[in-house]
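A.B. asks: Could you have a look at this structure, given as C-alpha cells, before my questions?
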There are 2 protein chains.
Amino acid sequence: MAPKLHLQIDDRSGVPVYRQMMDQFIYYVAGGTLRPGDQIPSIRELAAALGVNPTTVVKAYTELERAGFVEKRHGKGAFIAANAQALTTAEQEDALRRAAKQLAVEATQLHMSTPKVIDVVREELGALSTDRAADEAPVKFAVMNGGR
Amino acid sequence: MAPKLHLQIDDRSGVPVYRQMMDQFIYYVAGGTLRPGDQIPSIRELAAALGVNPTTVVKAYTELERAGFVEKRHGKGAFIAANAQALTTAEQEDALRRAAKQLAVEATQLHMSTPKVIDVVREELGALSTDRAADEAPVKFAVMNGGR
DNA sequence: CCGTGTGTGTGGCTGTCATCAAACAGCAGA
DNA sequence: TCTGCTGTTTGATGACAGCCACACACACGG
C-alpha cells in the first residue's frame, strides 16, 4: 500500500515548500513508484516528519487533488487518485531537462569544467541509490536545512 | 568594462526572480567573468530585457550591495564592488552540488537511468557553450516562460 | 445503544515576503 | 537649461506559511 518514498525539502532553494512536495509526488507517480489507490502519508504525519506546518501539506495535497493526482478522504487519509495520469515521456524528459539546464547554467557561470560537473552528478546519483538500498522504513524524509 | 553575460530567469521554477538574478551575478563573480569595477546593466535596462518590474531588479541589486558584491551609484549606474570577494572553492562546489542533488532526486523519483541523466546534462552544457561562442552582444538575457 | 478516544481532513486568521506600478531625485552632456 | 540617462522611495496586491479551533470517521468499552 505504501511504497518506499524519499521526500526531500530544500529550505534554501527559495522554491515554495508545497511546490517541492507536489513535484516529488508527481514524479513518483510518473516513475511508477506510486500507483492509483496507494495511500500516502497523512497531512499531520508528513508535516511532522518534514518539520513543516500542516497547512503547508494541506496546500500541496489540495493542489494535487485539483490536478487529479490525489484524493483526500475526510477521516480516512489521502490516496493516489484512481485515474492519476502519469506524465508522458516527453513531460518527464522536460522535467529532467529543466533541472539539468539549471545545473548547466550555474556550472557555466562558475567556469566549471564539463567532467567536473559530470563527476558531481554521478556522485549525487550514487548517493541516492545506495541510500535507497539501505532503506527499510516505508517512508523516508529529508530536509536540507543548509549549513551556511 | 562589460563582459558577456547570459542571465537566465525561469518563471516556472518558483524561485523568486530577484534571487535568481542574485545567484547568477554571484556565480559570474566567482567564476571570474565579472571583476571588481565592471559596470553591470542598469536597473531599467535589465528589467526591460528580462521583462520584469524595475523594483525587482532593485531588490536584487540592493541585496547584492548588502552582501558586498555590488555598488550602486545614483545617476551613474551599478558596478561590481571593489572588494567583491569571490566564493571559496568549497562554496562553489557546494553551489554546484546543490543543483546536482536537485537533479539527482528528480531523476531517481522518475526512475531515470544514470546514463540518460548524464546525457541530458552533457547536452545542456554543450548548448550553453556553443551559445556563448555565437554570441556577439555584450549582454544576453533569456527568460524561460515555459510552455505548459 | 451510546460515549469516548484517536486518527483523519477543514477552515479562519495573521504575519511576512515577492512583485508590480508610479511618482521622486541625482548626474551629465547638448 | 533641458533632456535623457541613472538610482530611490512608497504604496497596493497577492502568494506563502504559520497558529489554532473545528468537524468527520472509525474502533473500542461500557
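Each chain in the C-alpha cells gets a letter, A, B and so on, in the order shown; residues start at 1 in every chain, and ligands are counted from 1 in the order they appear.
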Do a neighbour search on DG18 of chain D at 9 Å with only C-alpha atoms (C1' of nucleotides), toss out local chain neighbours closer than 3 positions, and write the hits as a ChimeraX atom specification.

C.D. replies: /A:52-56 /C:14-15

A.B. asks: What does the file look like for those residues with C-alpha atoms (C1' of nucleotides), as an mmCIF file, in the first residue's frame?

C.D. replies:
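So part.cif came out as:
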```
data_model
loop_
_atom_site.group_PDB
_atom_site.id
_atom_site.type_symbol
_atom_site.label_atom_id
_atom_site.label_comp_id
_atom_site.auth_asym_id
_atom_site.auth_seq_id
_atom_site.Cartn_x
_atom_site.Cartn_y
_atom_site.Cartn_z
ATOM 1 C CA VAL A 52 6.662 22.000 8.321
ATOM 2 C CA ASN A 53 3.238 23.317 9.154
ATOM 3 C CA PRO A 54 0.292 21.003 8.422
ATOM 4 C CA THR A 55 -1.303 23.830 6.480
ATOM 5 C CA THR A 56 1.543 23.650 4.011
ATOM 6 C "C1'" DT C 14 -2.333 36.542 10.932
ATOM 7 C "C1'" DG C 15 2.440 37.934 9.683
#
```

A.B. asks: Going by DSSP on the backbone, which residues of chain B come out as strand (DSSP E or B)? List them as a PyMOL selection string.

C.D. replies: chain B and resi 5-10+39-40+70-73+77-80+139-144

A.B. asks: Please save C-alpha atoms of the selected residues as a PDB file, in the first residue's frame.

C.D. replies:
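File produced: part05.pdb:
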```pdb
ATOM      1  CA  LEU B   5      26.724  37.985 -19.589  1.00  0.00           C
ATOM      2  CA  HIS B   6      23.992  35.489 -20.090  1.00  0.00           C
ATOM      3  CA  LEU B   7      21.310  35.824 -17.477  1.00  0.00           C
ATOM      4  CA  GLN B   8      18.575  33.271 -17.366  1.00  0.00           C
ATOM      5  CA  ILE B   9      15.292  33.549 -15.481  1.00  0.00           C
ATOM      6  CA  ASP B  10      12.953  30.602 -15.095  1.00  0.00           C
ATOM      7  CA  GLN B  39      29.717  48.014 -14.815  1.00  0.00           C
ATOM      8  CA  ILE B  40      26.640  45.837 -14.814  1.00  0.00           C
ATOM      9  CA  VAL B  70      27.688  45.358  -5.920  1.00  0.00           C
ATOM     10  CA  GLU B  71      27.892  49.120  -5.618  1.00  0.00           C
ATOM     11  CA  LYS B  72      25.077  51.331  -6.886  1.00  0.00           C
ATOM     12  CA  ARG B  73      25.839  54.963  -7.734  1.00  0.00           C
ATOM     13  CA  GLY B  77      24.891  53.018 -12.742  1.00  0.00           C
ATOM     14  CA  ALA B  78      25.710  49.822 -10.896  1.00  0.00           C
ATOM     15  CA  PHE B  79      29.137  48.220 -10.588  1.00  0.00           C
ATOM     16  CA  ILE B  80      30.851  45.205  -9.148  1.00  0.00           C
ATOM     17  CA  VAL B 139      24.930  41.145 -22.599  1.00  0.00           C
ATOM     18  CA  LYS B 140      22.464  38.421 -23.298  1.00  0.00           C
ATOM     19  CA  PHE B 141      19.298  37.577 -21.467  1.00  0.00           C
ATOM     20  CA  ALA B 142      16.871  34.754 -21.548  1.00  0.00           C
ATOM     21  CA  VAL B 143      13.575  34.012 -19.958  1.00  0.00           C
ATOM     22  CA  MET B 144      12.071  30.577 -19.710  1.00  0.00           C
TER      23      MET B 144
END
```

A.B. asks: What residues in chain B lie within 6 Å of chain D, counting only C-alpha atoms (C1' of nucleotides), written as a PyMOL selection string?

C.D. replies: chain B and resi 74-77

A.B. asks: I'd like the neighbourhood of segment 121-128 of chain B as a PDB file with C-alpha atoms, in the first residue's frame, where a residue qualifies if any of its atoms comes within 6 Å (using only C-alpha atoms (C1' of nucleotides)), though same-chain residues fewer than 5 positions away should be ignored.

C.D. replies:
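Result saved to around.pdb:
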```
ATOM      1  CA  ALA A 100      19.786  19.855 -15.969  1.00  0.00           C
ATOM      2  CA  LYS A 101      19.623  23.289 -17.557  1.00  0.00           C
ATOM      3  CA  ALA A 104      24.395  23.770 -16.640  1.00  0.00           C
TER       4      ALA A 104
END
```

A.B. asks: Give one line per residue of chain A that approaches chain B to at most 9 Å, naming the two atoms of the closest pair and their distance in Å to one decimal, counting only C-alpha atoms; sort by chain then ascending residue number and deliver it as a Markdown table.

C.D. replies:
```
| residue | atom | partner | partner_atom | distance |
| --- | --- | --- | --- | --- |
| A:Leu5 | CA | B:Gln109 | CA | 8.8 |
| A:His6 | CA | B:Gln109 | CA | 8.5 |
| A:Leu7 | CA | B:Val105 | CA | 8.8 |
| A:Gln8 | CA | B:Val105 | CA | 7.8 |
| A:Asp10 | CA | B:Gln102 | CA | 8.8 |
| A:Ser13 | CA | B:Val15 | CA | 7.0 |
| A:Gly14 | CA | B:Val15 | CA | 4.9 |
| A:Val15 | CA | B:Val15 | CA | 4.8 |
| A:Pro16 | CA | B:Gly14 | CA | 6.5 |
| A:Arg19 | CA | B:Gly14 | CA | 7.9 |
| A:Asp23 | CA | B:Glu106 | CA | 8.6 |
| A:Gln24 | CA | B:Gln109 | CA | 7.1 |
| A:Phe25 | CA | B:Gln109 | CA | 8.6 |
| A:Ile26 | CA | B:Leu110 | CA | 8.9 |
| A:Tyr27 | CA | B:Leu110 | CA | 5.3 |
| A:Tyr28 | CA | B:Gln109 | CA | 5.2 |
| A:Val29 | CA | B:Leu110 | CA | 8.2 |
| A:Ala30 | CA | B:Leu110 | CA | 6.1 |
| A:Gly31 | CA | B:Leu110 | CA | 4.2 |
| A:Gly32 | CA | B:Leu110 | CA | 7.9 |
| A:Thr33 | CA | B:Gln109 | CA | 7.8 |
| A:Gln92 | CA | B:Leu110 | CA | 7.2 |
| A:Glu93 | CA | B:Val120 | CA | 8.9 |
| A:Ala95 | CA | B:Glu106 | CA | 8.1 |
| A:Leu96 | CA | B:Ala107 | CA | 6.5 |
| A:Arg97 | CA | B:Val120 | CA | 6.5 |
| A:Arg98 | CA | B:Ser13 | CA | 8.8 |
| A:Ala99 | CA | B:Leu103 | CA | 5.3 |
| A:Ala100 | CA | B:Val121 | CA | 5.3 |
| A:Lys101 | CA | B:Glu124 | CA | 5.6 |
| A:Gln102 | CA | B:Ala99 | CA | 7.1 |
| A:Leu103 | CA | B:Ala99 | CA | 5.3 |
| A:Ala104 | CA | B:Leu125 | CA | 5.1 |
| A:Val105 | CA | B:Leu128 | CA | 7.3 |
| A:Glu106 | CA | B:Leu96 | CA | 6.9 |
| A:Ala107 | CA | B:Leu96 | CA | 6.5 |
| A:Thr108 | CA | B:Leu125 | CA | 7.5 |
| A:Gln109 | CA | B:Tyr28 | CA | 5.1 |
| A:Leu110 | CA | B:Gly31 | CA | 4.2 |
| A:His111 | CA | B:Gly31 | CA | 5.2 |
| A:Met112 | CA | B:Gly31 | CA | 8.0 |
| A:Thr114 | CA | B:Leu125 | CA | 7.2 |
| A:Val117 | CA | B:Leu96 | CA | 7.7 |
| A:Ile118 | CA | B:Ile118 | CA | 6.7 |
| A:Val120 | CA | B:Arg97 | CA | 6.5 |
| A:Val121 | CA | B:Ala100 | CA | 5.3 |
| A:Arg122 | CA | B:Thr114 | CA | 7.5 |
| A:Glu123 | CA | B:Ala100 | CA | 9.0 |
| A:Glu124 | CA | B:Lys101 | CA | 5.6 |
| A:Leu125 | CA | B:Ala104 | CA | 5.1 |
| A:Gly126 | CA | B:Ala104 | CA | 8.8 |
| A:Leu128 | CA | B:Val105 | CA | 7.3 |
| A:Ser129 | CA | B:Thr108 | CA | 7.8 |
```

A.B. asks: Find the residues in chain C near chain A: any atom within 10 Å counts, using only C-alpha atoms (C1' of nucleotides). Write them as a PyMOL selection string.

C.D. replies: chain C and resi 7-10

A.B. asks: Apply DSSP to the structure's backbone, then extract all residues of chain B labelled alpha helix (DSSP H) and return them as number ranges by chain.

C.D. replies: B: 17-31, 43-50, 54-66, 89-109, 114-133

A.B. asks: Suppose you want the space between atom CA of Gly37 of chain B and atom CA of Tyr61 of chain B; what is it in Å?

C.D. replies: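 Between atom CA of Gly37 of chain B and atom CA of Tyr61 of chain B the gap works out to 14.9 Å.
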
A.B. asks: Distance atom CA of Phe69 of chain B-atom CA of Ala47 of chain B, one decimal place?

C.D. replies: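 Rounded to one decimal, the two atoms are 19.1 Å apart.
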
A.B. asks: Can you tell me how far atom CA of Leu46 of chain B sits from atom C1' of DA22 of chain C, in Å to one decimal?

C.D. replies: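 The value is 18.7 Å.
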